[in-house]
Structure formats: C-alpha cells, structure tokens
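Peer 1: Just one file: input_10.pdb, with PDB, C-alpha atoms.
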ATOM      1  CA  MET A  29      19.071 -15.310 -16.435  1.00  0.00           C
ATOM      2  CA  ALA A  30      18.091 -11.728 -15.862  1.00  0.00           C
ATOM      3  CA  ASN A  31      15.840 -10.110 -18.410  1.00  0.00           C
ATOM      4  CA  ILE A  32      18.362  -8.986 -21.002  1.00  0.00           C
ATOM      5  CA  ASP A  33      15.533  -7.568 -23.118  1.00  0.00           C
ATOM      6  CA  ASN A  34      14.679  -5.078 -20.362  1.00  0.00           C
ATOM      7  CA  SER A  35      18.051  -3.380 -20.168  1.00  0.00           C
ATOM      8  CA  CYS A  36      18.199  -0.219 -18.086  1.00  0.00           C
ATOM      9  CA  ALA A  37      21.892   0.615 -18.475  1.00  0.00           C
ATOM     10  CA  ASN A  38      21.131   3.250 -21.098  1.00  0.00           C
ATOM     11  CA  LEU A  39      18.489   5.086 -19.086  1.00  0.00           C
ATOM     12  CA  GLU A  40      19.262   8.740 -18.443  1.00  0.00           C
ATOM     13  CA  ILE A  41      20.042   9.015 -14.754  1.00  0.00           C
ATOM     14  CA  LYS A  42      19.575  12.588 -13.606  1.00  0.00           C
ATOM     15  CA  ASP A  43      21.098  13.819 -10.375  1.00  0.00           C
ATOM     16  CA  THR A  44      17.733  14.431  -8.722  1.00  0.00           C
ATOM     17  CA  TRP A  45      19.239  13.601  -5.317  1.00  0.00           C
ATOM     18  CA  SER A  46      21.530  16.656  -5.388  1.00  0.00           C
ATOM     19  CA  GLU A  47      18.625  18.894  -6.341  1.00  0.00           C
ATOM     20  CA  ALA A  48      16.434  17.417  -3.604  1.00  0.00           C
ATOM     21  CA  THR A  49      19.085  17.706  -0.912  1.00  0.00           C
ATOM     22  CA  LYS A  50      19.894  21.312  -1.880  1.00  0.00           C
ATOM     23  CA  SER A  51      16.322  22.199  -1.037  1.00  0.00           C
ATOM     24  CA  ASN A  52      16.334  19.962   2.064  1.00  0.00           C
ATOM     25  CA  GLU A  53      13.738  17.586   0.626  1.00  0.00           C
ATOM     26  CA  ASP A  54      13.157  14.280   2.346  1.00  0.00           C
ATOM     27  CA  THR A  55      14.620  11.894  -0.222  1.00  0.00           C
ATOM     28  CA  LEU A  56      13.210   8.737   1.412  1.00  0.00           C
ATOM     29  CA  GLY A  57       9.853  10.474   1.614  1.00  0.00           C
ATOM     30  CA  GLN A  58      10.039  11.372  -2.076  1.00  0.00           C
ATOM     31  CA  ILE A  59      10.714   7.737  -2.994  1.00  0.00           C
ATOM     32  CA  MET A  60       7.731   6.633  -0.928  1.00  0.00           C
ATOM     33  CA  ILE A  61       5.470   9.315  -2.415  1.00  0.00           C
ATOM     34  CA  VAL A  62       6.420   8.374  -5.988  1.00  0.00           C
ATOM     35  CA  GLN A  63       5.954   4.659  -5.290  1.00  0.00           C
ATOM     36  CA  ALA A  64       2.581   5.211  -3.567  1.00  0.00           C
ATOM     37  CA  ASP A  65       1.440   7.388  -6.469  1.00  0.00           C
ATOM     38  CA  THR A  66       2.492   4.697  -8.948  1.00  0.00           C
ATOM     39  CA  GLN A  67       0.631   1.991  -7.048  1.00  0.00           C
ATOM     40  CA  ARG A  68      -2.478   4.136  -6.756  1.00  0.00           C
ATOM     41  CA  ASN A  69      -2.602   5.828 -10.165  1.00  0.00           C
ATOM     42  CA  VAL A  70      -0.902   3.307 -12.460  1.00  0.00           C
ATOM     43  CA  TYR A  71      -1.999   0.005 -10.896  1.00  0.00           C
ATOM     44  CA  GLY A  72      -5.186   1.150  -9.120  1.00  0.00           C
ATOM     45  CA  TYR A  73      -4.420  -0.036  -5.588  1.00  0.00           C
ATOM     46  CA  ASP A  74      -6.424   1.556  -2.762  1.00  0.00           C
ATOM     47  CA  PHE A  75      -4.533   0.459   0.338  1.00  0.00           C
ATOM     48  CA  GLU A  76      -6.718   2.392   2.770  1.00  0.00           C
ATOM     49  CA  ASN A  77      -9.741   0.298   1.771  1.00  0.00           C
ATOM     50  CA  MET A  78      -8.074  -3.091   1.338  1.00  0.00           C
ATOM     51  CA  THR A  79      -9.202  -5.956   3.497  1.00  0.00           C
ATOM     52  CA  LEU A  80      -6.523  -7.929   5.324  1.00  0.00           C
ATOM     53  CA  ARG A  81      -7.047 -10.782   2.839  1.00  0.00           C
ATOM     54  CA  GLU A  82      -6.520  -8.389  -0.102  1.00  0.00           C
ATOM     55  CA  LEU A  83      -3.440  -6.998   1.624  1.00  0.00           C
ATOM     56  CA  MET A  84      -2.091 -10.520   2.124  1.00  0.00           C
ATOM     57  CA  THR A  85      -2.660 -11.278  -1.571  1.00  0.00           C
ATOM     58  CA  PHE A  86      -0.828  -8.066  -2.490  1.00  0.00           C
ATOM     59  CA  TRP A  87       2.053  -9.024  -0.177  1.00  0.00           C
ATOM     60  CA  HIS A  88       2.259 -12.524  -1.698  1.00  0.00           C
ATOM     61  CA  MET A  89       2.498 -11.028  -5.185  1.00  0.00           C
ATOM     62  CA  ASN A  90       5.203  -8.609  -4.013  1.00  0.00           C
ATOM     63  CA  ASN A  91       7.045 -11.446  -2.287  1.00  0.00           C
ATOM     64  CA  HIS A  92       7.178 -13.384  -5.545  1.00  0.00           C
ATOM     65  CA  ALA A  93       8.259 -10.260  -7.447  1.00  0.00           C
ATOM     66  CA  MET A  94      10.960  -9.483  -4.868  1.00  0.00           C
ATOM     67  CA  ILE A  95      12.354 -13.014  -5.086  1.00  0.00           C
ATOM     68  CA  ASP A  96      12.355 -12.760  -8.876  1.00  0.00           C
ATOM     69  CA  GLU A  97      14.301  -9.481  -8.683  1.00  0.00           C
ATOM     70  CA  ILE A  98      16.775 -11.028  -6.234  1.00  0.00           C
ATOM     71  CA  HIS A  99      17.367 -13.819  -8.742  1.00  0.00           C
ATOM     72  CA  GLU A 100      17.792 -11.312 -11.559  1.00  0.00           C
ATOM     73  CA  ALA A 101      20.290  -9.330  -9.447  1.00  0.00           C
ATOM     74  CA  THR A 102      22.217 -12.519  -8.719  1.00  0.00           C
ATOM     75  CA  ASP A 103      22.458 -13.241 -12.440  1.00  0.00           C
ATOM     76  CA  ALA A 104      23.396  -9.615 -13.144  1.00  0.00           C
ATOM     77  CA  LEU A 105      26.220  -9.874 -10.621  1.00  0.00           C
ATOM     78  CA  GLY A 106      27.906 -12.159 -13.131  1.00  0.00           C
ATOM     79  CA  GLY A 107      27.502  -9.585 -15.883  1.00  0.00           C
ATOM     80  CA  ILE A 108      24.639  -9.592 -18.349  1.00  0.00           C
ATOM     81  CA  LYS A 109      26.076  -7.799 -21.353  1.00  0.00           C
ATOM     82  CA  ASP A 110      29.812  -8.355 -20.967  1.00  0.00           C
ATOM     83  CA  GLY A 111      29.981 -11.217 -18.482  1.00  0.00           C
ATOM     84  CA  SER A 112      28.760 -14.770 -18.096  1.00  0.00           C
ATOM     85  CA  GLY A 113      25.527 -14.040 -16.206  1.00  0.00           C
ATOM     86  CA  ASN A 114      24.360 -16.928 -14.101  1.00  0.00           C
ATOM     87  CA  ALA A 115      27.719 -18.711 -14.324  1.00  0.00           C
ATOM     88  CA  ILE A 116      28.587 -16.778 -11.168  1.00  0.00           C
ATOM     89  CA  TRP A 117      26.377 -19.104  -9.128  1.00  0.00           C
ATOM     90  CA  LYS A 118      25.998 -22.142 -11.390  1.00  0.00           C
ATOM     91  CA  ARG A 119      28.981 -24.255 -10.325  1.00  0.00           C
ATOM     92  CA  TRP A 120      28.477 -26.617 -13.251  1.00  0.00           C
ATOM     93  CA  LYS A 121      29.182 -23.938 -15.854  1.00  0.00           C
ATOM     94  CA  VAL A 122      32.695 -23.699 -17.281  1.00  0.00           C
ATOM     95  CA  ALA A 123      32.839 -19.918 -16.653  1.00  0.00           C
ATOM     96  CA  HIS A 124      32.064 -20.365 -12.925  1.00  0.00           C
ATOM     97  CA  GLU A 125      35.741 -20.395 -11.910  1.00  0.00           C
ATOM     98  CA  GLU A 126      36.314 -17.020 -13.603  1.00  0.00           C
ATOM     99  CA  TYR A 127      34.532 -15.348 -10.689  1.00  0.00           C
ATOM    100  CA  SER A 128      36.705 -16.674  -7.862  1.00  0.00           C
ATOM    101  CA  ASP A 129      38.795 -13.507  -7.627  1.00  0.00           C
ATOM    102  CA  LYS A 130      36.647 -10.929  -9.439  1.00  0.00           C
ATOM    103  CA  LYS A 131      35.294  -7.864  -7.702  1.00  0.00           C
ATOM    104  CA  PHE A 132      32.233  -5.798  -8.570  1.00  0.00           C
ATOM    105  CA  SER A 133      34.539  -3.105  -9.942  1.00  0.00           C
ATOM    106  CA  ASP A 134      35.841  -5.644 -12.492  1.00  0.00           C
ATOM    107  CA  LEU A 135      32.450  -5.706 -14.219  1.00  0.00           C
ATOM    108  CA  SER A 136      31.898  -3.353 -17.130  1.00  0.00           C
ATOM    109  CA  GLU A 137      30.171  -0.068 -16.319  1.00  0.00           C
ATOM    110  CA  VAL A 138      27.109  -1.312 -18.221  1.00  0.00           C
ATOM    111  CA  ASP A 139      26.959  -4.522 -16.176  1.00  0.00           C
ATOM    112  CA  GLN A 140      27.467  -2.633 -12.899  1.00  0.00           C
ATOM    113  CA  THR A 141      24.579  -0.345 -13.830  1.00  0.00           C
ATOM    114  CA  GLU A 142      22.314  -3.272 -14.769  1.00  0.00           C
ATOM    115  CA  CYS A 143      23.014  -4.939 -11.417  1.00  0.00           C
ATOM    116  CA  LYS A 144      22.251  -1.722  -9.535  1.00  0.00           C
ATOM    117  CA  PHE A 145      18.969  -1.355 -11.422  1.00  0.00           C
ATOM    118  CA  GLU A 146      17.976  -4.856 -10.271  1.00  0.00           C
ATOM    119  CA  ILE A 147      18.472  -3.612  -6.705  1.00  0.00           C
ATOM    120  CA  ILE A 148      16.262  -0.612  -7.524  1.00  0.00           C
ATOM    121  CA  ASP A 149      13.613  -3.063  -8.737  1.00  0.00           C
ATOM    122  CA  MET A 150      13.835  -4.744  -5.319  1.00  0.00           C
ATOM    123  CA  LEU A 151      13.379  -1.335  -3.691  1.00  0.00           C
ATOM    124  CA  HIS A 152      10.127  -0.827  -5.595  1.00  0.00           C
ATOM    125  CA  PHE A 153       8.664  -4.015  -4.146  1.00  0.00           C
ATOM    126  CA  PHE A 154      10.077  -3.393  -0.670  1.00  0.00           C
ATOM    127  CA  MET A 155       8.465   0.041  -0.632  1.00  0.00           C
ATOM    128  CA  ASN A 156       5.133  -1.540  -1.557  1.00  0.00           C
ATOM    129  CA  TYR A 157       5.102  -3.370   1.780  1.00  0.00           C
ATOM    130  CA  ALA A 158       5.662  -0.161   3.739  1.00  0.00           C
ATOM    131  CA  ILE A 159       3.214   1.873   1.675  1.00  0.00           C
ATOM    132  CA  SER A 160       0.512  -0.795   1.891  1.00  0.00           C
ATOM    133  CA  VAL A 161       0.353  -0.461   5.691  1.00  0.00           C
ATOM    134  CA  GLY A 162       0.565   3.327   5.692  1.00  0.00           C
ATOM    135  CA  MET A 163       4.126   3.552   6.965  1.00  0.00           C
ATOM    136  CA  THR A 164       5.517   7.063   6.740  1.00  0.00           C
ATOM    137  CA  PRO A 165       9.119   7.999   5.939  1.00  0.00           C
ATOM    138  CA  GLN A 166       9.469   9.260   9.519  1.00  0.00           C
ATOM    139  CA  GLU A 167       8.275   5.926  10.916  1.00  0.00           C
ATOM    140  CA  MET A 168      10.591   4.017   8.606  1.00  0.00           C
ATOM    141  CA  PHE A 169      13.588   6.134   9.587  1.00  0.00           C
ATOM    142  CA  ASN A 170      12.850   6.136  13.330  1.00  0.00           C
ATOM    143  CA  MET A 171      11.956   2.447  13.470  1.00  0.00           C
ATOM    144  CA  TYR A 172      15.042   1.524  11.438  1.00  0.00           C
ATOM    145  CA  MET A 173      17.283   3.475  13.817  1.00  0.00           C
ATOM    146  CA  ALA A 174      15.646   1.904  16.882  1.00  0.00           C
ATOM    147  CA  LYS A 175      15.904  -1.619  15.458  1.00  0.00           C
ATOM    148  CA  ASN A 176      19.501  -1.079  14.332  1.00  0.00           C
ATOM    149  CA  GLU A 177      20.480  -0.026  17.853  1.00  0.00           C
ATOM    150  CA  GLU A 178      18.700  -3.084  19.269  1.00  0.00           C
ATOM    151  CA  ASN A 179      20.482  -5.374  16.773  1.00  0.00           C
ATOM    152  CA  LYS A 180      23.849  -3.966  17.882  1.00  0.00           C
ATOM    153  CA  ALA A 181      22.905  -4.340  21.548  1.00  0.00           C
ATOM    154  CA  ARG A 182      21.834  -7.947  20.937  1.00  0.00           C
ATOM    155  CA  GLN A 183      25.266  -8.720  19.492  1.00  0.00           C
ATOM    156  CA  GLN A 184      26.940  -7.112  22.505  1.00  0.00           C
ATOM    157  CA  ARG A 185      24.728  -9.239  24.770  1.00  0.00           C
ATOM    158  CA  GLY A 186      25.833 -12.394  22.922  1.00  0.00           C
ATOM    159  CA  TYR A 187      22.602 -12.897  20.965  1.00  0.00           C
TER     160      TYR A 187
END
With the file now loaded, output its structure as structure tokens.

Peer 2:
Amino acid sequence: MANIDNSCANLEIKDTWSEATKSNEDTLGQIMIVQADTQRNVYGYDFENMTLRELMTFWHMNNHAMIDEIHEATDALGGIKDGSGNAIWKRWKVAHEEYSDKKFSDLSEVDQTECKFEIIDMLHFFMNYAISVGMTPQEMFNMYMAKNEENKARQQRGY
C-alpha cells in the first residue's frame, strides 16, 4: 500500500509553469537544475567525481526507489484516501471487481492528486539518472525527439 502517512494531496501547488513559460524559461531545464541542486546540496552527491562503481551503486539505489514509487503509484491508482488502494491489482480482494469499469476521473480529487504525486516521485528518480551522467535538457529533448522518430519508423518498417 502506498505511504498514506506521506500524503501530498494538501500541498500548495503554485502555477510556476505559467510564470516560467511567460518568461520563456526552459521548464525541463528548471526541473533538472532543481533536482541536480537537491542531489548536490541536500544529499551531497558529486557526480562529476564519482567513479563508475559509485555511479552504478547510485543507479541501483535509484532503480529500487523507482520501482518502489511505481508500486506506490499502482496502489494509489485504486485510491488511497477514498478508494480501496491495492484492491485494484489484488484479484483476491473483494473490492477488486469494483474497478472493472472505473476511470481515473472517477477517483476523488484527493486520490487523483495523490496518484499524480507518485508519478512526480518517479520523475525525481528518473531525473537522477540523467543528471548523474551530465545530461543536459537540450540533450534530453533532442535525443528524445530522435529516438521517438526512430521508434515510429521501426513500427512502419514492421519492427
């Protein structure tokens, strides 16, 4: 079950995106800068001076954390506060059948927000991978676009 004691649904969510886009800020870049700063100044990681073995250890920790967040998001998809939580995937629970026809919009606003925050937790750990190898927002954007085009082309080629 997701951590119900770490609820985020009541956090104040400011519209920082609108402010950033008004001034043409790079929003992906801002996310990466904030995450890199957190890793460096809160947790003390110095990626530029890490050995490959230290980097691998960091990746393994982030892999475990990412999987944990995926599990928490899966539980949250069944509603944490107003739903049945992990009954969405646990077929042996009585409430499992309730989810056959439900849509995300059927969850309470609080439960929708909690689920979205679990995805944000995943983003934190995903960004750690990119930051740890010095990937820039420009590289991430350009490489994503190139790989997306290749994935489409592969499907057209019968991949």

Peer 1: Report as a VMD selection string all protein, DNA and RNA residues lying within 8 Å of Asp110 in chain A, evaluated on all atoms listed in the file, omitting residues in the same chain fewer than 4 positions from it.

Peer 2: chain A and resid 135 to 136 139

Peer 1: Just want the 9 Å neighbourhood of Gln140 in chain A, counted on all atoms listed in the file, with same-chain residues fewer than 4 positions away dropped. Output as a list in words.

Peer 2: Ala37, Ala104, Leu105, Gly107, Phe132, Ser133, Asp134, Leu135, Ser136, Lys144 and Phe145 of chain A

Peer 1: Using all atoms listed in the file, which of the listed residues (A:Asn90, A:Gln58, A:Asn69, A:Thr85) sits closest to Thr164 in chain A?

Peer 2: A:Gln58

Peer 1: Looking at all atoms listed in the file, which of A:Ala93, A:Ala64, A:Ile116, A:Ile41 is the one that sits closest to Gly162 in chain A?

Peer 2: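 So, comparing all the options, the nearest one is A:Ala64.
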
Peer 1: Give me the residues near Ala115 in chain A as a list of chain:residue names, where near means some atom within 6 Å (using all atoms listed in the file) and where sequence neighbours in that chain fewer than 4 positions away do not count.

Peer 2: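 Contacts, with the query itself left out: A:Lys121, A:Ala123, A:His124.
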
Peer 1: Which is closest to Asp103 in chain A among A:Glu126, A:Thr79, A:Cys143, A:Arg119, if we use all atoms listed in the file?

Peer 2: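 The answer is A:Cys143, which sits nearest to Asp103 in chain A.
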
Peer 1: Which polymer residues have any atom within 10 Å of an atom of Phe154 in chain A, counting only C-alpha atoms, with same-chain residues fewer than 5 positions away left out, as a PyMOL selection string?

Peer 2: chain A and resi 87+90-91+93-94+148-149+159

Peer 1: From the list A:Leu56, A:Met150, A:Met78, A:Leu39, which residue is nearest Met168 in chain A when using only C-alpha atoms?

Peer 2: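 That would be A:Leu56, the residue with the smallest distance to Met168 in chain A.
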
Peer 1: Fewer than 2 positions away in the same chain doesn't count, so skip those; otherwise give me all residues within 9 Å of Asn38 in chain A, counting only C-alpha atoms, as a VMD selection string.

Peer 2: chain A and resid 35 to 36 40 to 41 138 141

Peer 1: May I ask for the distance between CA of Ala48 in chain A and CA of Asn170 in chain A, given in Å to one decimal place?

Peer 2: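 Distance reported for this atom pair: 20.7 Å.
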
Peer 1: Please measure the separation of CA of Glu177 in chain A and CA of Met163 in chain A, giving the value in Å to one decimal.

Peer 2: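 According to the coordinates, CA of Glu177 in chain A and CA of Met163 in chain A are separated by 20.0 Å.
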
Peer 1: Which residue, A:Pro165, A:Ser160, A:Asn179, A:Glu137, has the smallest gap to Asp54 in chain A when you use all atoms listed in the file?

Peer 2: A:Pro165

Peer 1: Could you check which of A:Val122, A:Gly57, A:Ile147, A:Gln183 is closest to His99 in chain A, using only C-alpha atoms?

Peer 2: A:Ile147

Peer 1: What is the distance between CA of Phe86 in chain A and CA of Tyr73 in chain A, in Å to one decimal?

Peer 2: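 That distance, rounded to one decimal, is 9.3 Å.
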